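Structure record follows, encoded as structure tokens.
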4 protein chains.
Amino acid sequence: MSGNTFGQLFRVTTFGESHGPALGCIVDGVPPRIHLAEDDIQVHLDRRRPGQSRHTTQRREPDTVQILSGVFEGETTGAPIGLLIVNEDARSKDYDEIKDKFRPGHADFTYLKKYGIRDYRGSGRASARETAMRVAAGAIARKVLGAGTDIRGAMVQMGPHTIERERWDWAETGNNPFWCPDAETAAAWETFLDGVRKSGSSTGAVIEVVASGLPAGLGAPVFDRLDADIAKALMSIPAVKGVEVGAGFGAAQLSGPENADEMRLDADGTPMFLSNNAGGVLGGISTGQDIVARFAVKPTSSVSISQRTVDTNGENVEVATKGRHDPCVGIRAVPIGEAMVACVLADHLLRQRAQCGE
Amino acid sequence: MSGNTFGQLFRVTTFGESHGPALGCIVDGVPPRIHLAEDDIQVHLDRRRPGQSRHTTQRREPDTVQILSGVFEGETTGAPIGLLIVNEDARSKDYDEIKDKFRPGHADFTYLKKYGIRDYRGSGRASARETAMRVAAGAIARKVLGAGTDIRGAMVQMGPHTIERERWDWAETGNNPFWCPDAETAAAWETFLDGVRKSGSSTGAVIEVVASGLPAGLGAPVFDRLDADIAKALMSIPAVKGVEVGAGFGAAQLSGPENADEMRLDADGTPMFLSNNAGGVLGGISTGQDIVARFAVKPTSSVSISQRTVDTNGENVEVATKGRHDPCVGIRAVPIGEAMVACVLADHLLRQRAQCGE
Amino acid sequence: MSGNTFGQLFRVTTFGESHGPALGCIVDGVPPRIHLAEDDIQVHLDRRRPGQSRHTTQRREPDTVQILSGVFEGETTGAPIGLLIVNEDARSKDYDEIKDKFRPGHADFTYLKKYGIRDYRGSGRASARETAMRVAAGAIARKVLGAGTDIRGAMVQMGPHTIERERWDWAETGNNPFWCPDAETAAAWETFLDGVRKSGSSTGAVIEVVASGLPAGLGAPVFDRLDADIAKALMSIPAVKGVEVGAGFGAAQLSGPENADEMRLDADGTPMFLSNNAGGVLGGISTGQDIVARFAVKPTSSVSISQRTVDTNGENVEVATKGRHDPCVGIRAVPIGEAMVACVLADHLLRQRAQCGE
Amino acid sequence: MSGNTFGQLFRVTTFGESHGPALGCIVDGVPPRIHLAEDDIQVHLDRRRPGQSRHTTQRREPDTVQILSGVFEGETTGAPIGLLIVNEDARSKDYDEIKDKFRPGHADFTYLKKYGIRDYRGSGRASARETAMRVAAGAIARKVLGAGTDIRGAMVQMGPHTIERERWDWAETGNNPFWCPDAETAAAWETFLDGVRKSGSSTGAVIEVVASGLPAGLGAPVFDRLDADIAKALMSIPAVKGVEVGAGFGAAQLSGPENADEMRLDADGTPMFLSNNAGGVLGGISTGQDIVARFAVKPTSSVSISQRTVDTNGENVEVATKGRHDPCVGIRAVPIGEAMVACVLADHLLRQRAQCGE
């Protein structure tokens with residue numbers, strides 16, 4: 001379908017299904033002489049990996065990445081980097097139950113309508129499993145961006161429960177299974193999500209990604225605005241239904257003077273912004289402030305509660321998902337969101353260097 | 001910057017600044033033998049044109065479009081379609097006031113940081129004036145989609161004031177200057193916006209675009225999902241800060257069973273969805289239901305209220321915009337949003353035909 | 001058909017038919033702050049313009065170019081550059097004679113088969129007239145490459161008559177109507193081409209383009225090799241049937257030691273090549289030597305000698321072209337070939353800067 | 001370098017070095033429900049594989065391909081197809097001899113100049129080994145084109161020795177190690193190449209590829225002409241220095257009436273061409289006749305005869321290649337050339353279907 005490539009200059013192409021022999025990725029356009037080892041990638045894959053707490057699926061996905069090309073004696077060579085993750089748990093268990101049914105909220109119906117054929121094993125290409133390769137590519141993107149750039153994600157809402165922004169502490173995101181920057185809210189989410197899981201249901205979430213340390217000037221208006229490419233990147237993650245930058249939908253409620261970020265010179269005479277409703281992007285170009293994006297993840301569609309649907313034989317049927325699934329896919333979406341933002345930024349860093357020099 | 005092309009197969013490339021001699025556009029990839037005349041485009045440009053009520057800027061922009069190529073004896077030939085709009089009101093009035101100042105909320109600062117040069121006349125390339133060509137391209141996209149497809153936009157929120165969805169009537173969008181589908185709310189907005197305008201301020205808005213009559217199967221996962229491309233398309237419109245599809249950010253608050261759209265066979269035995277939280281897209285592919293997207297427009301940054309900023313001489317200064325500007329740019333964003341969605345859909349219609357046949 | 005864009009970062013999109021109202025072009029990705037005026041472009045258009053000697057068509061095509069965007073106060077701004085040439089001689093004269101006939105060697109048959117519709121006025125989009133915009137874009141590409149780069153073309157063969165390479169003098173290319181670098185051969189061609197023209201026939205030619213002053217390192221293997229992109233660029237010119245780089249087809253006859261360019265250090269200790277069979281490209285990447293490409297142009301298909309063909313009514317008919325046409329389109333192909341090579345080089349210069357820095 | 005993707009809709013991205021752990025490829029955009037098995041690909045890889053006669057290198061490259069995704073129960077699913085070939089003979093033998101020397105005719109110098117780093121083991125990414133993945137992708141392209149299309153290659157010149165076209169017999173290409181369609185010439189080449197090999201030298205060649213059974217209408221002028229894309233495809237093969245279509249460089253010597261292919265109605269009243277100097281392409285669009293392209297392959301640069309060069313330490317040195325290499329890389333270029341033409345045609349078939357329907 002030619003839709004499996006992302007980016008113009010930092011260019012990621014992925015393949016692989018949930019139950020195929022392997023997932024793979026080619027990252028092309030990486031500048032040469034960057035130090036890169038499998039560990040640099042593995043550390044981010046491990047953050048995405050399921051089974052790290054009772055709140056994510058207990059499937060076994062070690063997700064061990066191999067670098068197959070593009071690195072020589074520990075440094076990138078400028079040649080395309082091939083990555084591979086062998087699917088160790090890829091045996092097709094019994095999918096007879098769902099192979100003919102369109103599970104509500106899943107892509108079963110649309111894949112069959114589009115292609116006339118559907119790999120029903122674990123959702124095939126539509127499985128969130130493909131996101132492992134996004135995270136791997138994102139790890140390389142971080143290397144391209146360099147040590148001065150920091151891209152961090154946090155869950156700011158689970159179901160109807162939002163964090164308190166005054167309590168935001170990045171360090172806390174490592175202390176709870178939700179990447180929640182607010183310890184108090186994280187504790188409440190534990191209870192909430194236990195209830196959701198036990199009832200066989202699921203819940204949605206909102207994730208915030210913040211990129212710090214980037215120069216002003218990234219973005220290619222009028223169509224390839226930095227925020228437009230971030231919007232596409234995040235909306236392309238499975239289960240994402242909304243994206244916003246800076247004040248986002250909240251900006252609709254503001255007046256012009258409330259929304260526009262005023263400027264003043266700082267002590268060194270450097271222009272600074274007095275607020276960041278823009279989320280670090282003006283006219284589609286980075287301002288040098290933090291880039292702030294949020295995205296909404298719908299609740300996991302795989303639930304053990306029975307739902308009405310139809311099957312390929314033209315019958316009205318019921319379907320419920322057996323086995324263990326993530327009660328909140330938003331949790332694992334945090335490193336994925338970071339990775340996608342990293343890919344967009346690396347791409348635009350190279351684009352900016354191409355047109356405007358360094 | 002190579003960022004002025006949109007789409008893969010239905011491919012739109014634009015140029016032109018606010019105060020240059022003309023705006024232009026090349027639409028490549030249009031199927032041959034489609035009836036197309038300048039009037040087909042002009043009717044949509046006229047909907048975007050300012051000065052149609054007291055609620056939009058009174059600048060004179062007749063925006064008369066010329067077709068320069070790609071049409072022969074009233075039909076498209078398959079060759080690229082060149083479009084031109086001469087800027088009739090393009091004389092550079094006195095921009096001395098702002099040429100050295102970074103207006104808050106505008107792209108003045110970022111364009112200068114990116115390019116090291118800035119066309120300050122009416123914001124240059126960053127002017128919303130470039131969107132005229134998006135509307136023109138969208139008119140051609142509608143022709144590609146055909147008469148069975150309907151793409152309509154409506155304002156659903158102005159500032160903090162939302163419509164009542166139970167009163168939604170598409171016919172009403174033509175009866176008020178806001179494209180508001182709820183007559184009662186439209187009346188309230190008149191009063192609200194008069195107040196905003198008289199105070200020299202501005203307000204944001206939320207627009208909803210609905211595309212009906214499309215087949216299932218459009219979209220190219222995993223990256224070029226239909227909703228991802230819509231998100232990019234809408235976020236690339238000047239002043240847009242958020243995009244959502246279907247239940248959008250609201251989906252974060254739902255449980256899986258609440259959110260997933262159940263299915264049943266209709267009277268003819270055809271599968272139908274019992275709700276549309278998905279907004280017509282599952283797994284990045286159209287379901288055949290209405291495609292529903294919303295986007296948030298920030299309040300116009302040009303206000304006559306003085307704001308703090310800095311200038312290119314390294315001085316702290318104040319700036320206020322003289323002259324008349326749209327108190328709510330969201331109004332004119334309605335036909336622009338429709339156009340961008342039309343372009344995405346036409347592109348994916350051709351992409352689907354390429355890969356999967358007709 | 002989406003095939004009207006050339007280049008990745010230095011990106012040229014063109015439109016326009018022979019007898020439409022205008023030809024146009026958008027050049028996107030141009031670095032900012034390059035001095036650019038219409039004269040910089042016009043000088044190259046004038047070199048391509050017909051009617052400069054008795055050896056080219058006497059049609060009137062003043063080809064006056066206008067810059068419509070992307071330049072502010074004499075410098076590029078980084079925004080897309082819109083160019084326009086109004087077709088002054090665009091009245092459709094009587095094409096009844098050929099509107100239903102497929103002229104041998106022309107694209108009449110294939111355009112109709114592809115699109116099901118054909119703009120028969122002066123070949124429509126298939127007219128060599130579209131190359132005016134290639135030359136215009138090439139003039140901007142030269143500006144991107146900078147003053148240190150020189151891209152020059154010369155005709156090295158007309159019909160069966162080749163130049164003597166020992167007599168090569170670039171200065172001579174301006175002294176005859178053929179861009180011939182060998183004065184003696186040019187004189188012989190005058191006589192030859194007069195004969196061809198008077199007999200109502202036409203002849204082919206071979207053009208050589210040499211680019212000097214470029215750094216080593218340009219080209220993006222494995223597919224976007226510099227020589228591969230040059231091959232595409234030159235083969236995309238109307239009437240071109242072959243392209244070669246360096247020793248070209250002649251390399252097939254050589255042994256490895258004869259063909260491989262040996263190296264030695266020059267007086268300064270800098271590596272130098274002792275020959276240039278490679279034509280300045282090894283492994284798809286520029287070596288720093290002159291880049292040397294040649295392309296073969298077929299004889300003009302429009303001749304006044306009657307030929308057998310069929311028409312759209314399914315009849316066997318005869319056709320001959322009335323009016324004056326170029327007896328050797330290769331002449332005007334010289335500045336076009338230069339322009340296409342310039343576009344490829346500018347694109348790869350930006351690509352190299354993107355990936356590897358400056 | 002982002003140059004490792006080929007094609008717009010039938011889209012091939014490759015990775016892998018000569019001595020890395022594996023070669024890989026992602027083919028995206030393949031239509032669904034095409035029967036595809038590893039054997040369909042392996043048969044073509046086996047044709048390219050070295051060591052099949054004394055005339056090609058004796059390196060051991062079994063080149064066993066695995067399909068890792070995009071195929072389900074024997075049919076393509078529309079998802080990207082991941083291919084992998086593990087490098088079984090990938091141990092880095094002693095490359096100390098050449099790691100610091102720029103071998104004449106090789107890409108050693110240019111890779112180092114471009115990237116500032118070079119994987120010297122077996123030429124790294126610049127190794128012809130990458131072409132295995134082109135052949136694999138080409139096998140899938142053939143499946144997309146369908147059984148009615150036939151793409152065949154033949155060597156028509158080795159060193160200075162050309163075939164006799166009157167003796168052309170496609171069946172003969174399978175009866176000699178050179179893909180030579182002329183049995184008598186093949187016998188003479190045996191003797192010639194034995195001499196070349198024994199002297200430690202090498203020789204160039206010219207290959208012809210003919211594609212039969214394609215419809216008229218393929219190609220996307222003005223830049224993405226079918227012949228322009230074929231030219232790029234063939235020139236992107238390592239060691240190729242020239243490409244021509246139809247009469248090619250020979251067309252430069254013809255007169256218009258000699259060159260233009262006249263037409264007549266055949267017995268069924270269908271338009272037919274009376275010759276094929278066009279090589280099956282007019283105006284960049286296929287005519288429905290055989291598509292005929294030729295390309296020149298330079299002699300193998302690796303020879304055992306000592307040559308002058310420089311090294312990275314700034315010394316004048318001599319270098320000769322040890323070990324066995326192909327005395328005529330043109331032999332193995334035959335299936336590679338076929339594969340590249342197949343990829344171009346599959347891509348344009350999908351492009352044509354996208355724009356003009358079926």
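Labels used: A, B, ... for chains in the order of the structure tokens, numbers from 1 for residues in each chain, and numbers from 1 for ligands as shown.
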
From range 66-192 of chain B, collect each residue whose DSSP state is alpha helix (DSSP H) and return the set as a count of residues only. 33

Counting only C-alpha atoms, which residues of chain A sit at most 7 Å from some atom of chain C, and what is each one's closest atom pair with its distance in Å to one decimal, listed by chain and rising residue number, as CSV?
residue,atom,partner,partner_atom,distance
A:Gly29,CA,C:Gln355,CA,6.2
A:Val30,CA,C:Gln355,CA,6.6
A:Pro31,CA,C:Gln355,CA,4.8
A:Pro32,CA,C:Cys356,CA,6.7
A:Leu350,CA,C:Ala354,CA,4.9
A:Arg351,CA,C:Ala354,CA,6.2
A:Arg353,CA,C:Ala354,CA,5.3
A:Ala354,CA,C:Ala354,CA,4.2
A:Gln355,CA,C:Pro31,CA,4.8
A:Cys356,CA,C:Pro31,CA,5.6

Selection export as a CSV table (one decimal), in the first residue's frame, atoms kept: C-alpha atoms:
chain,number,residue,atom,x,y,z
A,29,GLY,CA,19.2,8.9,5.6
A,30,VAL,CA,21.0,8.7,8.9
A,31,PRO,CA,24.0,10.9,9.0
A,32,PRO,CA,27.3,9.1,9.2
A,350,LEU,CA,18.0,17.4,8.3
A,351,ARG,CA,15.5,19.2,6.2
A,353,ARG,CA,20.2,21.8,7.3
A,354,ALA,CA,19.5,21.0,3.7
A,355,GLN,CA,17.7,24.2,2.9
A,356,CYS,CA,19.2,26.7,5.2

Distance CA of Gly105 in chain B-CA of Ser199 in chain B, one decimal place?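 Straight-line distance from CA of Gly105 in chain B to CA of Ser199 in chain B works out to 18.4 Å.
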
One decimal, Å: what's the distance from CA of Leu145 in chain D over to CA of Gly219 in chain B, could you say?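 So the answer is 23.4 Å.
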
Quick one: residues within 10 Å of range 188-191 of chain D, only C-alpha atoms, excluding same-chain residues fewer than 2 positions away - as a PyMOL selection string? chain D and resi 54-55+157-159+161-163+176-178+180+183-186+193-196

Counting only C-alpha atoms, what is within 7 Å of Thr149 in chain B, bar same-chain residues fewer than 5 positions away, as a ChimeraX atom specification? /B:212-214

If we count only C-alpha atoms and set the cut-off at 10 Å, which residues sit around Leu112 in chain C, ignoring sequence neighbours fewer than 6 positions away in its own chain? Please answer as a CSV table (one decimal) with C-alpha atoms, in the first residue's frame.
chain,number,residue,atom,x,y,z
B,77,THR,CA,-6.6,16.0,-19.9
C,102,PHE,CA,-1.4,9.9,-35.2
C,118,ARG,CA,-5.8,14.6,-26.4
C,119,ASP,CA,-5.1,18.3,-26.6
C,120,TYR,CA,-4.0,18.2,-30.2
C,312,THR,CA,-8.8,7.9,-35.0
D,216,ALA,CA,-0.1,1.2,-24.2
D,217,GLY,CA,-0.4,4.0,-21.7

Secondary structure check, strand (DSSP E or B) residues of range 198-294 of chain B, as an mmCIF file with C-alpha atoms, in the first residue's frame:
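Here's the written file part.cif:
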data_model
loop_
_atom_site.group_PDB
_atom_site.id
_atom_site.type_symbol
_atom_site.label_atom_id
_atom_site.label_comp_id
_atom_site.auth_asym_id
_atom_site.auth_seq_id
_atom_site.Cartn_x
_atom_site.Cartn_y
_atom_site.Cartn_z
ATOM 1 C CA THR B 203 -11.726 34.555 19.567
ATOM 2 C CA ALA B 205 -13.317 28.300 17.273
ATOM 3 C CA VAL B 206 -13.817 24.619 16.581
ATOM 4 C CA ILE B 207 -14.830 23.404 13.125
ATOM 5 C CA GLU B 208 -16.293 20.028 12.206
ATOM 6 C CA VAL B 209 -15.939 18.535 8.745
ATOM 7 C CA VAL B 210 -18.090 15.592 7.665
ATOM 8 C CA ALA B 211 -17.454 13.589 4.495
ATOM 9 C CA SER B 212 -20.315 11.382 3.350
ATOM 10 C CA ALA B 220 -2.792 3.336 3.649
ATOM 11 C CA ASP B 224 -0.445 6.962 5.792
ATOM 12 C CA VAL B 240 -4.988 25.283 13.811
ATOM 13 C CA LYS B 241 -3.830 23.832 17.138
ATOM 14 C CA GLY B 242 -5.720 20.554 17.444
ATOM 15 C CA VAL B 243 -7.370 17.844 15.372
ATOM 16 C CA GLU B 244 -9.554 14.925 16.332
ATOM 17 C CA VAL B 245 -11.503 12.201 14.571
ATOM 18 C CA SER B 255 -14.507 2.418 28.324
ATOM 19 C CA MET B 263 -22.266 -3.888 14.187
ATOM 20 C CA ARG B 264 -25.427 -5.492 12.953
ATOM 21 C CA LEU B 265 -26.781 -6.468 9.564
ATOM 22 C CA PRO B 271 -23.140 -4.852 7.735
ATOM 23 C CA MET B 272 -23.835 -1.567 9.480
ATOM 24 C CA PHE B 273 -22.369 0.174 12.499
ATOM 25 C CA VAL B 281 -11.983 5.261 10.297
ATOM 26 C CA LEU B 282 -10.804 1.955 11.801
ATOM 27 C CA ILE B 285 -8.982 2.779 6.797
ATOM 28 C CA SER B 286 -12.420 4.199 6.013
ATOM 29 C CA ILE B 291 -15.824 10.549 8.120
ATOM 30 C CA VAL B 292 -15.965 13.061 10.948
ATOM 31 C CA ALA B 293 -13.067 15.321 11.904
ATOM 32 C CA ARG B 294 -12.831 18.414 14.070
#

Write out as a ChimeraX atom specification the residues lying within 10 Å of Glu38 in chain C, counting only C-alpha atoms and excluding same-chain residues fewer than 3 positions away. /C:41-43,64-67,74,83,136,139

Write a file of the just-selected residues containing C-alpha atoms, as a short mmCIF file (atom, residue, chain, number, x, y, z; two decimals), in the first residue's frame.
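So selection_9.cif came out as:
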data_model
loop_
_atom_site.label_atom_id
_atom_site.label_comp_id
_atom_site.auth_asym_id
_atom_site.auth_seq_id
_atom_site.Cartn_x
_atom_site.Cartn_y
_atom_site.Cartn_z
CA ILE C 41 16.56 33.37 -15.70
CA GLN C 42 15.82 35.24 -18.91
CA VAL C 43 19.39 34.95 -20.16
CA THR C 64 9.37 36.42 -21.08
CA VAL C 65 9.52 35.02 -17.57
CA GLN C 66 7.93 36.57 -14.50
CA ILE C 67 8.87 35.73 -10.91
CA GLY C 74 16.13 40.80 -4.74
CA LEU C 83 7.44 31.40 -12.46
CA ALA C 136 14.04 28.51 -16.11
CA ALA C 139 18.82 28.93 -14.06
#

Restricting to only C-alpha atoms, whichever of A:Thr287, A:Asn316, A:Ser236, A:Ser69 is closest to Ile336 in chain A is A:Ser236

Which one of D:Lys143, D:Lys232, D:Arg129, D:His106 sits closest to Gly256 in chain C if you count only C-alpha atoms?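 Among the listed residues, the smallest separation from Gly256 in chain C belongs to D:His106.
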
Residues near Val12 in chain D, cut-off 12 Å, only C-alpha atoms, skip fewer than 4 positions along chain, as a PyMOL selection string: (chain A and resi 1-2+4-5+13-14+26) or (chain C and resi 222-223) or (chain D and resi 3-8+24-30+80-83+133-141+233+339-340+342-344+346-347)

By how many Å are CA of Ala132 in chain C and CA of Lys114 in chain C apart?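 Distance between the two atoms: 24.4 Å.
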